[in-house]
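Participant: Please see the structure below; I have some questions.
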Amino acid sequence: MSHEAEEPETPHLDFQGTTPYEDYVQADVLTHLQHTLSDDPGEMVFLVTTQVMELWFTVIVHEWETATKALREDDVPVAVAALKRSVRELEALNASWKPLGQLTPAQFNSYRNALGEGSGFQSAMYRRMEFLLGEKSSSMLVPHRGAPRVHAELEKALHEPSLYDEVLRLLARRGYAIPAAVLERDVSLRYEPSTEVEQVWASLYAGDDTSDLARLGEALTDVAELVWRWRNDHLVATRRAMGAKAGTGGSAGVAWLEKRARKNVFPELWTARSYV
């Protein structure tokens, strides 16, 4: 006679109240946040995809804030681990363009009016991502003045060191010649490239490529590459859906996105490679 416990034929089905899955995931909340404003069936995928992007922004901000805190505490392994997780998350975020990347102008125009003046650049969580990357601009707080909590969070992020600021401070503590002007700069302003920082990265990459700082540099480069791909995928999807029309939020549309797509974050990590 076997004493092994028998496998239950079905999982536990009877709960008092909602299921533990619902309590944890809040799926009922998530799946009832879709309120389309047109009769076009394609609006649903646009709305859900945009909401999914917002969730990925939230996760990535969490990872980069984790990395920033770890760098401040000289814990490079924890920072690199968070950056590597964010790389996989950025890949998933970038894949979000696939449902939207094939929109024809007629398909997009069928529900574009429902967006009104709504535009992705108004996303507070995406703005926090940009601030962590060193893409600071106080003017980007203006759209959020009507939401005090969101505005306060963005203002706090504006005046805190970016992820890259903490990287450069770490390099300085390790004895690398990061200029005082870079270390003491106003962190609420957009980061501008430095020749001296470029030289630091070039010397670091010319050394031991298995060091913790070299691994940090490569993790940052992976992040920067995927941010660049995100911007380019956004540009292509917009160009395909609306050509050179003005953007829904009053921006220059494709022209504005083209300007953004030409820029790299963590710029010296790219230019330094020419000198290694």
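Within each chain, counting starts at residue 1; across the structure tokens, chains are named A, B, ... in the order shown, with ligands numbered 1 upward in that order.
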Applying 10 Å and only C-alpha atoms, which residues near Glu135 in chain A remain after dropping the ones on its own chain fewer than 2 positions away? List them as a ChimeraX atom specification.

Facilitator: /A:127-133,137,158,162,188-192,265

Participant: Pick out the residues sitting within 12 Å of His32 in chain A, and hand them over as an mmCIF file with N, CA, C and O atoms, in the first residue's frame; count only C-alpha atoms, and ignore anything fewer than 4 positions along from it in its own chain.

Facilitator:
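Saved the output as result04.cif:
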data_model
loop_
_atom_site.group_PDB
_atom_site.id
_atom_site.type_symbol
_atom_site.label_atom_id
_atom_site.label_comp_id
_atom_site.auth_asym_id
_atom_site.auth_seq_id
_atom_site.Cartn_x
_atom_site.Cartn_y
_atom_site.Cartn_z
ATOM 1 N N GLN A 26 -4.358 42.242 -8.800
ATOM 2 C CA GLN A 26 -5.370 43.269 -9.072
ATOM 3 C C GLN A 26 -5.804 43.228 -10.544
ATOM 4 O O GLN A 26 -5.977 44.254 -11.212
ATOM 5 N N ALA A 27 -5.963 42.005 -11.055
ATOM 6 C CA ALA A 27 -6.297 41.827 -12.467
ATOM 7 C C ALA A 27 -7.638 42.469 -12.817
ATOM 8 O O ALA A 27 -7.804 43.030 -13.906
ATOM 9 N N ASP A 28 -8.593 42.399 -11.906
ATOM 10 C CA ASP A 28 -9.908 42.970 -12.203
ATOM 11 C C ASP A 28 -9.802 44.484 -12.390
ATOM 12 O O ASP A 28 -10.492 45.066 -13.230
ATOM 13 N N THR A 36 -12.627 53.082 -24.113
ATOM 14 C CA THR A 36 -12.415 53.630 -25.457
ATOM 15 C C THR A 36 -13.362 54.799 -25.701
ATOM 16 O O THR A 36 -14.446 54.873 -25.123
ATOM 17 N N MET A 44 -8.885 49.820 -29.159
ATOM 18 C CA MET A 44 -8.638 48.999 -27.971
ATOM 19 C C MET A 44 -7.175 48.578 -27.901
ATOM 20 O O MET A 44 -6.540 48.657 -26.841
ATOM 21 N N LEU A 47 -5.021 51.569 -26.964
ATOM 22 C CA LEU A 47 -5.150 51.930 -25.555
ATOM 23 C C LEU A 47 -4.432 50.931 -24.651
ATOM 24 O O LEU A 47 -3.661 51.321 -23.753
ATOM 25 N N VAL A 48 -4.664 49.633 -24.881
ATOM 26 C CA VAL A 48 -4.034 48.617 -24.032
ATOM 27 C C VAL A 48 -2.515 48.646 -24.190
ATOM 28 O O VAL A 48 -1.772 48.549 -23.206
ATOM 29 N N GLN A 51 -1.137 51.443 -22.226
ATOM 30 C CA GLN A 51 -1.169 51.142 -20.796
ATOM 31 C C GLN A 51 -0.068 50.154 -20.410
ATOM 32 O O GLN A 51 0.550 50.279 -19.343
#

Participant: Compare A:Ala241, A:Leu226, A:Leu168, A:Leu257 by their minimum atom-to-atom distance to Phe121 in chain A, counting only C-alpha atoms, and give me the closest one.

Facilitator: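 The closest residue to Phe121 in chain A is A:Leu257.
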
Participant: Near range 78-81 of chain A, within 9 Å and counting only C-alpha atoms, which residues show up once chain neighbours fewer than 6 positions away are dropped, as a list in words?

Facilitator: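 Everything that qualifies: Glu63, Trp64, Thr66, Ala67, Thr68, Lys69, Ala70, Leu71, Asp212, Arg215, Leu216, Ala219 and Leu220 of chain A.
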
Participant: Which value, in Å to one decimal, gives the distance between CA of Leu90 in chain A and CA of Arg231 in chain A?

Facilitator: 11.7 Å

Participant: Excluding same-chain residues fewer than 2 positions from Trp56 in chain A, what lies within 9 Å of it counting only C-alpha atoms, as a VMD selection string?

Facilitator: chain A and resid 51 to 54 58 to 61 89 to 90 92 to 93

Participant: When you look at Ala106 in chain A with a cut-off of 12 Å (counting only C-alpha atoms), what residues show up, excluding the ones that are within fewer than 5 positions of it in the same chain? I need them as a list in words.

Facilitator: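 Counting only the stated atoms, we get Asp40, Gly42, Tyr111, Arg112, Arg240, Ala241, Met242 and Gly243 of chain A.
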
Participant: Next, dump the selected residues to file, keeping only C-alpha atoms, as an mmCIF file, in the first residue's frame.

Facilitator:
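As a result, selection-v1.cif now contains:
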data_model
loop_
_atom_site.group_PDB
_atom_site.id
_atom_site.type_symbol
_atom_site.label_atom_id
_atom_site.label_comp_id
_atom_site.auth_asym_id
_atom_site.auth_seq_id
_atom_site.Cartn_x
_atom_site.Cartn_y
_atom_site.Cartn_z
ATOM 1 C CA ASP A 40 -13.278 51.878 -33.978
ATOM 2 C CA GLY A 42 -8.577 49.254 -33.372
ATOM 3 C CA TYR A 111 -9.631 57.031 -33.626
ATOM 4 C CA ARG A 112 -6.986 59.767 -33.516
ATOM 5 C CA ARG A 240 4.064 55.220 -40.783
ATOM 6 C CA ALA A 241 0.809 56.193 -39.053
ATOM 7 C CA MET A 242 0.748 59.947 -39.618
ATOM 8 C CA GLY A 243 3.589 61.032 -41.876
#

Participant: Going by DSSP on the backbone, which bits of range 22-267 of chain A are alpha helix (DSSP H)? Write them as number ranges by chain, please.

Facilitator: A: 22-25, 27-30, 43-72, 76-95, 105-112, 124-132, 148-158, 163-173, 180-183, 195-205, 212-242, 254-261, 267

Participant: Can you tell me how far CA of Asn94 in chain A sits from CA of His234 in chain A, in Å to one decimal?

Facilitator: 8.9 Å

Participant: Using only C-alpha atoms, which residue out of A:Val227, A:Ala157, A:Leu269, A:Leu37 lies closest to Ala114 in chain A?

Facilitator: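 The closest residue to Ala114 in chain A is A:Leu37.
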
Participant: Work out how far CA of Thr50 in chain A is from CA of Gly118 in chain A, in Å to one decimal.

Facilitator: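 Between CA of Gly118 in chain A and CA of Thr50 in chain A the gap works out to 11.8 Å.
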
Participant: Could you check the closest approach to Ser96 in chain A for each of A:Pro161, A:Asp233, A:Phe15, A:Val142 and tell me which residue wins, using only C-alpha atoms?

Facilitator: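 When distances to Ser96 in chain A are compared using only C-alpha atoms, the smallest one comes from A:Asp233.
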
Participant: With distances taken over only C-alpha atoms, which residue among A:Ser274, A:Ser123, A:Gln102, A:Thr210 lies nearest Thr238 in chain A?

Facilitator: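 Result for the nearest residue to Thr238 in chain A: A:Gln102.
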
Participant: Identify which of the residues A:Arg229, A:Val182, A:Leu100, A:Lys263 lies closest to Glu43 in chain A, counting only C-alpha atoms when measuring atom-to-atom distances.

Facilitator: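 Between A:Arg229, A:Val182, A:Leu100, A:Lys263, the residue approaching Glu43 in chain A most closely is A:Leu100.
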
Participant: Within 8 Å of Asn264 in chain A, counting only C-alpha atoms, which residues show up once you throw out same-chain ones fewer than 5 positions away? Write them as a list in words, please.

Facilitator: Ala224, Glu225 and Trp228 of chain A
